[in-house]
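Contents: one structure, followed by commentary.
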Amino acid sequence: MALTDRQRHGEEPLPVFLPLSRRLEAAFAPAIESLPAPTRHRLLLATLKPEAGLAMLLPATGRADVDDLEPARQTGLIVADPVVSRMSFRPPLIRSAIVQLSSPAERRWAHEALAAVTDEPCSRAWHLAEAATGPDETVAHALEQAFLAEFRRGGAATAVTALVRAAELSPQPADRSRRLIEAAYLASSTGPLDQVPRLLAGAREADNARLVSGTRSGSVFAAATAVYLFHAEGDVDGAYRLLTRALDDAGTAKTTSEWIDDLLYALLFVCVYAARPVFWDLLGDALTRFDPKAATPLRLCYDTYTRPDRTSATVHEGLARAFAALPTEAAPQWLMPLAFAAVRMDALSDYRHLVWRMIGQEREGGAIALVLFGMLLLSIDSYHHGQWDESETLAREGLDLAVTYGYHLLKAQLRIRPAYIAAARGNADLAQSLTSEIMTWAAPRGLGLTQAFARHARAIADLGQGDYEDAYAQTSWISLPGIPGTGIPARWMVMDLVEADVRTGRVEEARAHVATAQQDGVPRFSSHTALITAGAAALATDDDQADPLFQAALALPDAERWPWEHARIHLAYGQWLRRTRDTTRARLHLRAAIDTFDRLGAEPWAQRARHELRATGVAVTARPDTGTATLTAQERQIATLAATGLTNKQIAERLFLSHRTVSGHLHRIFPKLGITSRAALRDALDTITPDENNHAPQSASAPKIRTADDPVR
C-alpha cells in the first residue's frame, strides 16, 4: 500500500486511504485489533462506503445488530447515531488504519457486500471491480459503461480512473487497449496531461495491431493524441491532421453520436486558436456530413467565427434561444461552444451565471480544460466591461490551474489578460515581459489568435507610453490596411489600429481600416464593436467632420457599458476640442475621461487627459500617488511561505485558512509585487529589506511595497 514515486511527486492522484507509517500503524493497531470481528467488519464497511447510513451497512452482513458497533463507540473510535443512521470516525485517520490492518480477503468481502446493497451503477461497478481477484470482462464492461455515462453528466476525472481499472480487468488485449485509449481521451480534458502519453503507450503495448485507420480504436487513439498535442504542446497543425483522420475514420467505423460530438468539440477549439480558414472549412464540412447531436451550439459558434455577413440580431437571437434551451443538467460540452460564440458577440455578460455554474461543477474532479476555458472567457468579458481587477484575478487563478495540470496553450491564453491590464495601467516592463513570453511560445506553433492578442496588448502599452511607431508595427502585423484580419478578432482592435496610424501620420491607412470594418459589418456585431468603429471613424476623419462623428460615437446605445473605449473617445474628443479652441466643451470630456481612467487604474491615459485639461487653463491637482502598494501582515506571511515552495493547501493548513483564501491573497499579491508566477516571489520579496522598514525600491516593474503594519514616516 506504499505510495508510488509518481504519487509522491504529485504526478498521479493520491489513494483514497493514505498508507500509514509503521509508527502510526502501531499506535492504532491495539485499539482496532482488540475489537470483536463483527465490529471490525462493520467498521471496514463504513470506511469503504463513508456516505452510507447504518441502515445500509448493517444488513449488508446478513445481520442487523447495531450493538456490534458499541465496542468501537466505547473506545472512542466512532460516534454513531442510529436515529439518523449516521456514524463518524474519531480521529478521521482511523479509516486508513482500518483498511491497512484488514486482510485482502476482508476487503474483497466488504466490497462484495457493498455492491450487493447499492443500486447506484457507478458505486456498484466500482465495488465489484475492487472485489475482483483477476480479469473479469463482465465487471470491466459494467465499470466502463457506468462511468462513461457518469462522464456525460460531468464526472470526468472519476471516469478516467474507472476506465484504467476496467482495462486492468480486461481479459482480451483489444479490450484493454480500447479502454486505455478512452481513458487517455478523457484525461486530455481532466489532466494532469502528462498521464495521457503513458495511457496511449499502454494501449499501444496492449494491442498495437488494432490501432489502424478505419477502426474505432484507431480513431479514438488519433483523437486523444490530437487533443493532447493541442492542450499540452499548442501543436494545432498536428492536432488538425489527426482530427482529420479521426473524422474520416468516423465515416466508416462504428461510431456513436456522442463520439462525433467529442471530435467536433475538439476541432472547434483548434479552429478558434489556429485562426485559419482551412481549419474552419473542415469543421463546416463535418457539421454538414455528420449532423451531430450538438449541432445547434456547434453551428452557432461556427457561424459567429466564419460568417460576418450575418446580422447581429440574428446571431444574438439564436444565442438567446440556444442558451434558454440548455437543460439544467446539460453536459458542459454543450455550454462551451455557446460561451465562445457569446464572447465573440460581446454577449457573455447575459450568461455568466451559466459559466460560473459549470466551473463550480467541474472544478473538483471534472474536466479541468473546460474550467480553464470558462475562466478565460469570463476574464475576457470582465476586461471588456472595465472590471479589470476581477479579470486579472480570474486569469491568474486559471493560470495556476493551467500550470498545475499542464495545459500550456491555455496558460499562454490566460497570460494575455494580465498583459493587457499591465499595458493599459502603464506597467510597460511587465507588459513587455508577458507579451514576449507569449509570442516566443506561440509563433513557432502558428497560433495566430494568440500572437494577435499579445501584439495588441503590446500596442496598447506603446500607445500609452507614446511610442507610436512601435504601436504601428504591432498593429500592422494584426491587420494590414484595407485587408480584414481573417480569423482574428480585429473588430476589437480597430480603434487601436487607427490611432497608431493617425499618430504616425498614416491617415489614409487609418481610413482604410475604418472602411474595411464598416464594409465587413463590424458595427453590427454588438454595441461594443459599434462604439469602437465609431470612435475610430472620428479619429480618422478630417477636422471639419470630426465633431458630429465624436458626438455620434458617444451617443450610441450602451456606450457606457464599455468604459475603456468610452473614456478613450472622451479623451480624443477633448483633445480635438482643445485644438479647435472649444475649451469649455473640452473640459467636460476630459474630466469624464479622467474619472474613468482613474477608476480603471489606467494611469498613463489619465495623465494624458490631465495634461490636456491643464492646457485648457484648468489647474489640475495630481491624483494621490497609488504607486505604493501595501502588503498586509497576512499577505506577507502567505507570500513568504509560497516562496519556499509550499502549495496553497499546505499554506492553508499551516495558517488555519482555506486554500481558496490563500489563492485569493496570492492573486492580489502578484500584481503588487509586479510578478506573474510563484517562481518570482523569492526575488520580489528580497527587494523589501528589513533595514528599509520593508520599503521596496520604486521601479516600473516592481512597485514600492509597504506592509500595512509599518509605521508611516
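Just remember, in the C-alpha cells the first chain shown is A, the second B, etc., residues are 1-based per chain, and ligands are 1-based in the order shown.
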
Backbone DSSP call of strand (DSSP E) for stretch 59-291 of chain A, listed as a PyMOL selection string | chain A and resi 78-81+86-89

Backbone-only DSSP, alpha helix (DSSP H) members of stretch 151-371 of chain A, as number ranges by chain = A: 151-152, 156-168, 173-190, 195-207, 216-228, 236-250, 257-274, 277-290, 295-306, 312-325, 332-344, 352-362, 368-371

Find the residues near A:Leu211: any atom within 10 Å, counting only C-alpha atoms, skip ones fewer than 5 places away on the same chain, and give them as a PyMOL selection string.
-> chain A and resi 174+177-178+181+203-204+216-222

Write a file of the just-selected residues containing all heavy atoms, as a CSV table (one decimal), in the first residue's frame.
```csv
chain,number,residue,atom,x,y,z
A,174,ALA,N,-7.4,-6.5,-26.9
A,174,ALA,CA,-8.1,-5.5,-27.6
A,174,ALA,C,-8.9,-4.6,-26.7
A,174,ALA,O,-9.0,-3.4,-26.9
A,174,ALA,CB,-8.9,-6.1,-28.7
A,177,SER,N,-6.7,-2.4,-24.6
A,177,SER,CA,-6.2,-1.3,-25.4
A,177,SER,C,-7.3,-0.2,-25.6
A,177,SER,O,-7.0,1.0,-25.4
A,177,SER,CB,-5.7,-1.8,-26.7
A,177,SER,OG,-5.2,-0.7,-27.5
A,178,ARG,N,-8.4,-0.7,-25.9
A,178,ARG,CA,-9.6,0.3,-26.2
A,178,ARG,C,-9.9,1.1,-25.0
A,178,ARG,O,-10.1,2.3,-25.1
A,178,ARG,CB,-10.8,-0.5,-26.7
A,178,ARG,CG,-12.0,0.3,-26.9
A,178,ARG,CD,-13.2,-0.5,-27.4
A,178,ARG,NE,-13.5,-1.7,-26.5
A,178,ARG,CZ,-14.2,-1.6,-25.4
A,178,ARG,NH1,-14.6,-0.4,-25.0
A,178,ARG,NH2,-14.4,-2.6,-24.6
A,181,ILE,N,-7.3,3.7,-24.3
A,181,ILE,CA,-7.4,4.8,-25.2
A,181,ILE,C,-8.5,5.8,-24.8
A,181,ILE,O,-8.4,7.0,-24.8
A,181,ILE,CB,-7.6,4.3,-26.7
A,181,ILE,CG1,-6.4,3.5,-27.2
A,181,ILE,CG2,-7.9,5.5,-27.6
A,181,ILE,CD1,-6.7,2.8,-28.4
A,203,ALA,N,-1.8,1.5,-24.2
A,203,ALA,CA,-2.8,1.0,-25.2
A,203,ALA,C,-2.0,0.4,-26.4
A,203,ALA,O,-2.4,-0.7,-26.9
A,203,ALA,CB,-3.7,2.1,-25.7
A,204,ARG,N,-1.0,1.1,-26.8
A,204,ARG,CA,-0.2,0.5,-28.0
A,204,ARG,C,0.5,-0.8,-27.6
A,204,ARG,O,0.5,-1.7,-28.4
A,204,ARG,CB,0.8,1.6,-28.4
A,204,ARG,CG,1.5,1.2,-29.7
A,204,ARG,CD,2.6,2.3,-30.1
A,204,ARG,NE,1.9,3.5,-30.5
A,204,ARG,CZ,1.4,3.7,-31.7
A,204,ARG,NH1,1.5,2.8,-32.6
A,204,ARG,NH2,0.9,4.9,-32.0
A,216,ARG,N,-12.5,1.9,-34.7
A,216,ARG,CA,-12.9,2.9,-33.7
A,216,ARG,C,-11.7,3.1,-32.8
A,216,ARG,O,-11.4,4.3,-32.4
A,216,ARG,CB,-14.0,2.3,-32.9
A,216,ARG,CG,-14.4,3.2,-31.6
A,216,ARG,CD,-15.6,2.8,-30.9
A,216,ARG,NE,-15.7,3.5,-29.6
A,216,ARG,CZ,-16.1,4.7,-29.5
A,216,ARG,NH1,-16.4,5.4,-30.5
A,216,ARG,NH2,-16.1,5.3,-28.3
A,217,SER,N,-10.9,2.1,-32.4
A,217,SER,CA,-9.8,2.3,-31.6
A,217,SER,C,-8.7,3.2,-32.2
A,217,SER,O,-8.2,4.1,-31.6
A,217,SER,CB,-9.1,0.9,-31.2
A,217,SER,OG,-10.0,0.2,-30.4
A,218,GLY,N,-8.5,3.0,-33.5
A,218,GLY,CA,-7.6,3.8,-34.2
A,218,GLY,C,-8.0,5.3,-34.3
A,218,GLY,O,-7.2,6.2,-34.1
A,219,SER,N,-9.3,5.4,-34.4
A,219,SER,CA,-9.9,6.8,-34.5
A,219,SER,C,-9.8,7.5,-33.1
A,219,SER,O,-9.4,8.7,-33.1
A,219,SER,CB,-11.4,6.7,-34.9
A,219,SER,OG,-12.0,8.0,-34.9
A,220,VAL,N,-10.1,6.8,-32.0
A,220,VAL,CA,-10.0,7.4,-30.7
A,220,VAL,C,-8.6,7.7,-30.3
A,220,VAL,O,-8.3,8.7,-29.7
A,220,VAL,CB,-10.7,6.5,-29.7
A,220,VAL,CG1,-10.7,7.2,-28.3
A,220,VAL,CG2,-12.2,6.2,-30.1
A,221,PHE,N,-7.7,6.8,-30.7
A,221,PHE,CA,-6.3,7.0,-30.5
A,221,PHE,C,-5.8,8.3,-31.1
A,221,PHE,O,-5.1,9.1,-30.5
A,221,PHE,CB,-5.5,5.8,-31.0
A,221,PHE,CG,-4.0,5.8,-30.6
A,221,PHE,CD1,-3.6,5.1,-29.5
A,221,PHE,CD2,-3.1,6.5,-31.4
A,221,PHE,CE1,-2.2,5.1,-29.1
A,221,PHE,CE2,-1.7,6.5,-31.0
A,221,PHE,CZ,-1.3,5.8,-29.9
A,222,ALA,N,-6.2,8.5,-32.4
A,222,ALA,CA,-5.8,9.7,-33.1
A,222,ALA,C,-6.4,10.9,-32.4
A,222,ALA,O,-5.7,11.9,-32.3
A,222,ALA,CB,-6.3,9.6,-34.6
```

Can you list, as a PDB file with all heavy atoms, in the first residue's frame, every protein, DNA or RNA residue that comes within 8 Å of A:Arg396 when you count only C-alpha atoms, leaving out same-chain residues fewer than 4 positions away?
```
ATOM      1  N   GLU A 392      -8.264  40.150 -13.921  1.00  0.00           N
ATOM      2  CA  GLU A 392      -6.917  39.672 -13.617  1.00  0.00           C
ATOM      3  C   GLU A 392      -6.947  38.529 -12.610  1.00  0.00           C
ATOM      4  O   GLU A 392      -6.195  37.555 -12.728  1.00  0.00           O
ATOM      5  CB  GLU A 392      -6.062  40.817 -13.085  1.00  0.00           C
ATOM      6  CG  GLU A 392      -4.610  40.448 -12.928  1.00  0.00           C
ATOM      7  CD  GLU A 392      -3.710  41.662 -12.773  1.00  0.00           C
ATOM      8  OE1 GLU A 392      -4.194  42.703 -12.271  1.00  0.00           O
ATOM      9  OE2 GLU A 392      -2.529  41.574 -13.144  1.00  0.00           O
ATOM     10  N   ASP A 400      -2.855  29.391 -12.552  1.00  0.00           N
ATOM     11  CA  ASP A 400      -2.358  28.426 -11.566  1.00  0.00           C
ATOM     12  C   ASP A 400      -2.801  27.010 -11.930  1.00  0.00           C
ATOM     13  O   ASP A 400      -2.014  26.056 -11.863  1.00  0.00           O
ATOM     14  CB  ASP A 400      -2.883  28.778 -10.170  1.00  0.00           C
ATOM     15  CG  ASP A 400      -2.098  29.904  -9.519  1.00  0.00           C
ATOM     16  OD1 ASP A 400      -1.046  30.282 -10.066  1.00  0.00           O
ATOM     17  OD2 ASP A 400      -2.538  30.408  -8.468  1.00  0.00           O
ATOM     18  N   LEU A 414      -4.241  32.600 -20.950  1.00  0.00           N
ATOM     19  CA  LEU A 414      -4.598  33.245 -19.687  1.00  0.00           C
ATOM     20  C   LEU A 414      -3.604  34.341 -19.303  1.00  0.00           C
ATOM     21  O   LEU A 414      -3.944  35.240 -18.533  1.00  0.00           O
ATOM     22  CB  LEU A 414      -4.674  32.184 -18.584  1.00  0.00           C
ATOM     23  CG  LEU A 414      -5.923  31.293 -18.659  1.00  0.00           C
ATOM     24  CD1 LEU A 414      -5.700  29.976 -17.943  1.00  0.00           C
ATOM     25  CD2 LEU A 414      -7.127  32.029 -18.079  1.00  0.00           C
ATOM     26  N   ARG A 415      -2.391  34.294 -19.830  1.00  0.00           N
ATOM     27  CA  ARG A 415      -1.422  35.359 -19.554  1.00  0.00           C
ATOM     28  C   ARG A 415      -1.761  36.642 -20.315  1.00  0.00           C
ATOM     29  O   ARG A 415      -1.256  37.716 -19.973  1.00  0.00           O
ATOM     30  CB  ARG A 415      -0.017  34.894 -19.955  1.00  0.00           C
ATOM     31  CG  ARG A 415       0.674  34.068 -18.891  1.00  0.00           C
ATOM     32  CD  ARG A 415       2.061  33.687 -19.322  1.00  0.00           C
ATOM     33  NE  ARG A 415       2.809  33.093 -18.223  1.00  0.00           N
ATOM     34  CZ  ARG A 415       3.906  32.393 -18.376  1.00  0.00           C
ATOM     35  NH1 ARG A 415       4.388  32.193 -19.595  1.00  0.00           N
ATOM     36  NH2 ARG A 415       4.541  31.883 -17.338  1.00  0.00           N
ATOM     37  N   PRO A 418      -3.652  39.591 -18.047  1.00  0.00           N
ATOM     38  CA  PRO A 418      -2.745  40.420 -17.242  1.00  0.00           C
ATOM     39  C   PRO A 418      -1.832  41.302 -18.092  1.00  0.00           C
ATOM     40  O   PRO A 418      -1.470  42.403 -17.679  1.00  0.00           O
ATOM     41  CB  PRO A 418      -1.930  39.375 -16.453  1.00  0.00           C
ATOM     42  CG  PRO A 418      -2.825  38.195 -16.360  1.00  0.00           C
ATOM     43  CD  PRO A 418      -3.578  38.171 -17.660  1.00  0.00           C
ATOM     44  N   HIS A 667      -3.378  36.002  -5.593  1.00  0.00           N
ATOM     45  CA  HIS A 667      -3.774  36.712  -6.808  1.00  0.00           C
ATOM     46  C   HIS A 667      -3.721  38.224  -6.617  1.00  0.00           C
ATOM     47  O   HIS A 667      -3.541  38.969  -7.586  1.00  0.00           O
ATOM     48  CB  HIS A 667      -5.191  36.298  -7.216  1.00  0.00           C
ATOM     49  CG  HIS A 667      -5.274  34.894  -7.719  1.00  0.00           C
ATOM     50  ND1 HIS A 667      -6.303  34.041  -7.410  1.00  0.00           N
ATOM     51  CD2 HIS A 667      -4.429  34.177  -8.486  1.00  0.00           C
ATOM     52  CE1 HIS A 667      -6.097  32.874  -7.972  1.00  0.00           C
ATOM     53  NE2 HIS A 667      -4.960  32.922  -8.630  1.00  0.00           N
TER      54      HIS A 667
END
```

Could you give me, as a list of chain:residue names, the residues within 7 Å of A:Ala184, counting only C-alpha atoms and dropping anything in the same chain fewer than 5 positions from it?
-> A:Val196, A:Leu199, A:Leu200, A:Ala224

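All residues of protein, DNA or RNA that reach within 8 Å of A:Ile594, judged by only C-alpha atoms and not counting those fewer than 6 positions away in the chain, are Ala567, Trp605, Ala606, Ala609 and Arg610 of chain A.
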
Restrict the calculation to only C-alpha atoms, then for each residue of stretch 94-211 of chain A with any atom at most 10 Å from an atom of stretch 363-385 of chain A give the closest atom pair and their distance in Å to one decimal, rows by chain and rising residue number, as CSV.
```
residue,atom,partner,partner_atom,distance
A:Phe151,CA,A:Gly366,CA,8.5
A:Arg153,CA,A:Gly366,CA,10.0
A:Gly154,CA,A:Gly366,CA,6.2
A:Gly155,CA,A:Gly366,CA,5.5
A:Ala156,CA,A:Gly366,CA,4.8
A:Ala157,CA,A:Gly365,CA,5.0
A:Thr158,CA,A:Gly365,CA,6.9
A:Ala159,CA,A:Gly366,CA,9.3
A:Leu186,CA,A:Ala367,CA,8.3
A:Ala187,CA,A:Ala367,CA,8.4
A:Ser188,CA,A:Ala369,CA,8.0
A:Ser189,CA,A:Ala369,CA,5.0
A:Thr190,CA,A:Ala367,CA,4.4
A:Gly191,CA,A:Ile368,CA,6.6
A:Pro192,CA,A:Ile368,CA,8.9
```

Kindly export the residues of the current selection with N, CA and C atoms, as a PDB file, in the first residue's frame.
```
ATOM      1  N   PHE A 151     -19.463  10.323 -17.007  1.00  0.00           N
ATOM      2  CA  PHE A 151     -18.697  11.364 -17.693  1.00  0.00           C
ATOM      3  C   PHE A 151     -19.615  12.292 -18.475  1.00  0.00           C
ATOM      4  N   ARG A 153     -22.386  13.158 -17.702  1.00  0.00           N
ATOM      5  CA  ARG A 153     -23.077  14.033 -16.742  1.00  0.00           C
ATOM      6  C   ARG A 153     -22.102  14.929 -15.989  1.00  0.00           C
ATOM      7  N   GLY A 154     -20.804  14.850 -16.322  1.00  0.00           N
ATOM      8  CA  GLY A 154     -19.830  15.758 -15.723  1.00  0.00           C
ATOM      9  C   GLY A 154     -18.783  15.112 -14.841  1.00  0.00           C
ATOM     10  N   GLY A 155     -18.818  13.797 -14.625  1.00  0.00           N
ATOM     11  CA  GLY A 155     -17.835  13.148 -13.763  1.00  0.00           C
ATOM     12  C   GLY A 155     -16.618  12.684 -14.528  1.00  0.00           C
ATOM     13  N   ALA A 156     -15.841  13.606 -15.034  1.00  0.00           N
ATOM     14  CA  ALA A 156     -14.766  13.262 -15.968  1.00  0.00           C
ATOM     15  C   ALA A 156     -13.596  12.555 -15.299  1.00  0.00           C
ATOM     16  N   ALA A 157     -13.091  13.102 -14.188  1.00  0.00           N
ATOM     17  CA  ALA A 157     -11.886  12.549 -13.578  1.00  0.00           C
ATOM     18  C   ALA A 157     -12.120  11.136 -13.057  1.00  0.00           C
ATOM     19  N   THR A 158     -13.267  10.885 -12.431  1.00  0.00           N
ATOM     20  CA  THR A 158     -13.547   9.542 -11.932  1.00  0.00           C
ATOM     21  C   THR A 158     -13.680   8.557 -13.086  1.00  0.00           C
ATOM     22  N   ALA A 159     -14.167   9.042 -14.231  1.00  0.00           N
ATOM     23  CA  ALA A 159     -14.289   8.153 -15.394  1.00  0.00           C
ATOM     24  C   ALA A 159     -12.920   7.689 -15.874  1.00  0.00           C
ATOM     25  N   LEU A 186     -10.291  10.978 -22.335  1.00  0.00           N
ATOM     26  CA  LEU A 186     -10.924  11.734 -21.252  1.00  0.00           C
ATOM     27  C   LEU A 186      -9.877  12.484 -20.432  1.00  0.00           C
ATOM     28  N   ALA A 187      -8.718  11.872 -20.229  1.00  0.00           N
ATOM     29  CA  ALA A 187      -7.658  12.512 -19.445  1.00  0.00           C
ATOM     30  C   ALA A 187      -7.148  13.778 -20.113  1.00  0.00           C
ATOM     31  N   SER A 188      -7.286  13.869 -21.432  1.00  0.00           N
ATOM     32  CA  SER A 188      -6.847  15.082 -22.126  1.00  0.00           C
ATOM     33  C   SER A 188      -7.699  16.285 -21.739  1.00  0.00           C
ATOM     34  N   SER A 189      -8.865  16.039 -21.138  1.00  0.00           N
ATOM     35  CA  SER A 189      -9.717  17.132 -20.662  1.00  0.00           C
ATOM     36  C   SER A 189      -9.667  17.300 -19.153  1.00  0.00           C
ATOM     37  N   THR A 190      -9.205  16.273 -18.449  1.00  0.00           N
ATOM     38  CA  THR A 190      -9.217  16.325 -16.993  1.00  0.00           C
ATOM     39  C   THR A 190      -7.858  16.616 -16.392  1.00  0.00           C
ATOM     40  N   GLY A 191      -6.775  16.253 -17.108  1.00  0.00           N
ATOM     41  CA  GLY A 191      -5.446  16.446 -16.582  1.00  0.00           C
ATOM     42  C   GLY A 191      -5.182  15.545 -15.371  1.00  0.00           C
ATOM     43  N   PRO A 192      -3.967  15.568 -14.831  1.00  0.00           N
ATOM     44  CA  PRO A 192      -2.790  16.199 -15.432  1.00  0.00           C
ATOM     45  C   PRO A 192      -2.463  15.582 -16.793  1.00  0.00           C
TER      46      PRO A 192
END
```

Which residue, A:Leu401, A:Thr138, A:Ala246, A:Glu168, has the smallest gap to A:Asn648 when you use only C-alpha atoms?
-> A:Leu401

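Neighbours of A:Leu681 closer than or equal to 10 Å, with only C-alpha atoms counted and sequence neighbours fewer than 2 positions away skipped, come out as Ala639, Thr640, Leu641, Ala642, Ala643, Thr644, Gly645, Ile669, Phe670, Leu673, Gly674, Ile675, Thr676, Ser677, Arg678, Ala679, Asp683, Ala684, Leu685 and Asp686 of chain A.
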
Output N, CA and C atoms of each residue in that selection to a file, as a compact mmCIF listing (two decimals), in the first residue's frame.
```txt
# COMPACT_ATOMS: atom_id res chain seq x y z
N ALA A 639 2.95 35.13 1.24
CA ALA A 639 3.95 35.26 0.17
C ALA A 639 5.25 34.58 0.56
N THR A 640 5.66 34.75 1.81
CA THR A 640 6.91 34.14 2.28
C THR A 640 6.83 32.62 2.24
N LEU A 641 5.70 32.08 2.68
CA LEU A 641 5.54 30.62 2.66
C LEU A 641 5.48 30.09 1.23
N ALA A 642 4.77 30.82 0.36
CA ALA A 642 4.69 30.38 -1.04
C ALA A 642 6.05 30.42 -1.70
N ALA A 643 6.89 31.37 -1.31
CA ALA A 643 8.24 31.47 -1.89
C ALA A 643 9.12 30.29 -1.52
N THR A 644 8.78 29.60 -0.41
CA THR A 644 9.56 28.42 -0.02
C THR A 644 9.16 27.18 -0.78
N GLY A 645 8.09 27.28 -1.60
CA GLY A 645 7.67 26.13 -2.39
C GLY A 645 6.44 25.42 -1.87
N ILE A 669 -1.46 39.56 -4.38
CA ILE A 669 -0.05 39.84 -4.09
C ILE A 669 0.77 39.99 -5.38
N PHE A 670 0.52 39.11 -6.36
CA PHE A 670 1.33 39.12 -7.58
C PHE A 670 1.38 40.50 -8.25
N LEU A 673 3.51 43.03 -6.38
CA LEU A 673 4.96 42.82 -6.49
C LEU A 673 5.46 42.93 -7.92
N GLY A 674 4.53 43.07 -8.88
CA GLY A 674 4.94 43.19 -10.27
C GLY A 674 5.46 41.90 -10.85
N ILE A 675 4.92 40.76 -10.40
CA ILE A 675 5.36 39.46 -10.88
C ILE A 675 4.17 38.68 -11.42
N THR A 676 4.45 37.56 -12.07
CA THR A 676 3.38 36.77 -12.69
C THR A 676 3.38 35.31 -12.27
N SER A 677 4.35 34.88 -11.45
CA SER A 677 4.40 33.47 -11.08
C SER A 677 5.00 33.32 -9.69
N ARG A 678 4.77 32.15 -9.08
CA ARG A 678 5.31 31.85 -7.76
C ARG A 678 6.83 31.83 -7.78
N ALA A 679 7.40 31.42 -8.92
CA ALA A 679 8.84 31.30 -9.00
C ALA A 679 9.55 32.64 -8.75
N ASP A 683 12.58 36.44 -5.19
CA ASP A 683 13.35 37.62 -5.59
C ASP A 683 12.58 38.90 -5.30
N ALA A 684 11.25 38.87 -5.53
CA ALA A 684 10.45 40.08 -5.28
C ALA A 684 10.44 40.43 -3.80
N LEU A 685 10.33 39.42 -2.94
CA LEU A 685 10.32 39.69 -1.50
C LEU A 685 11.69 40.14 -1.01
N ASP A 686 12.75 39.68 -1.67
CA ASP A 686 14.10 40.09 -1.27
C ASP A 686 14.33 41.58 -1.46
```

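Using only C-alpha atoms, the shortest contact distance between A:Met493 and any of A:Arg198, A:Arg511, A:His456, A:Arg682 is found at A:His456.
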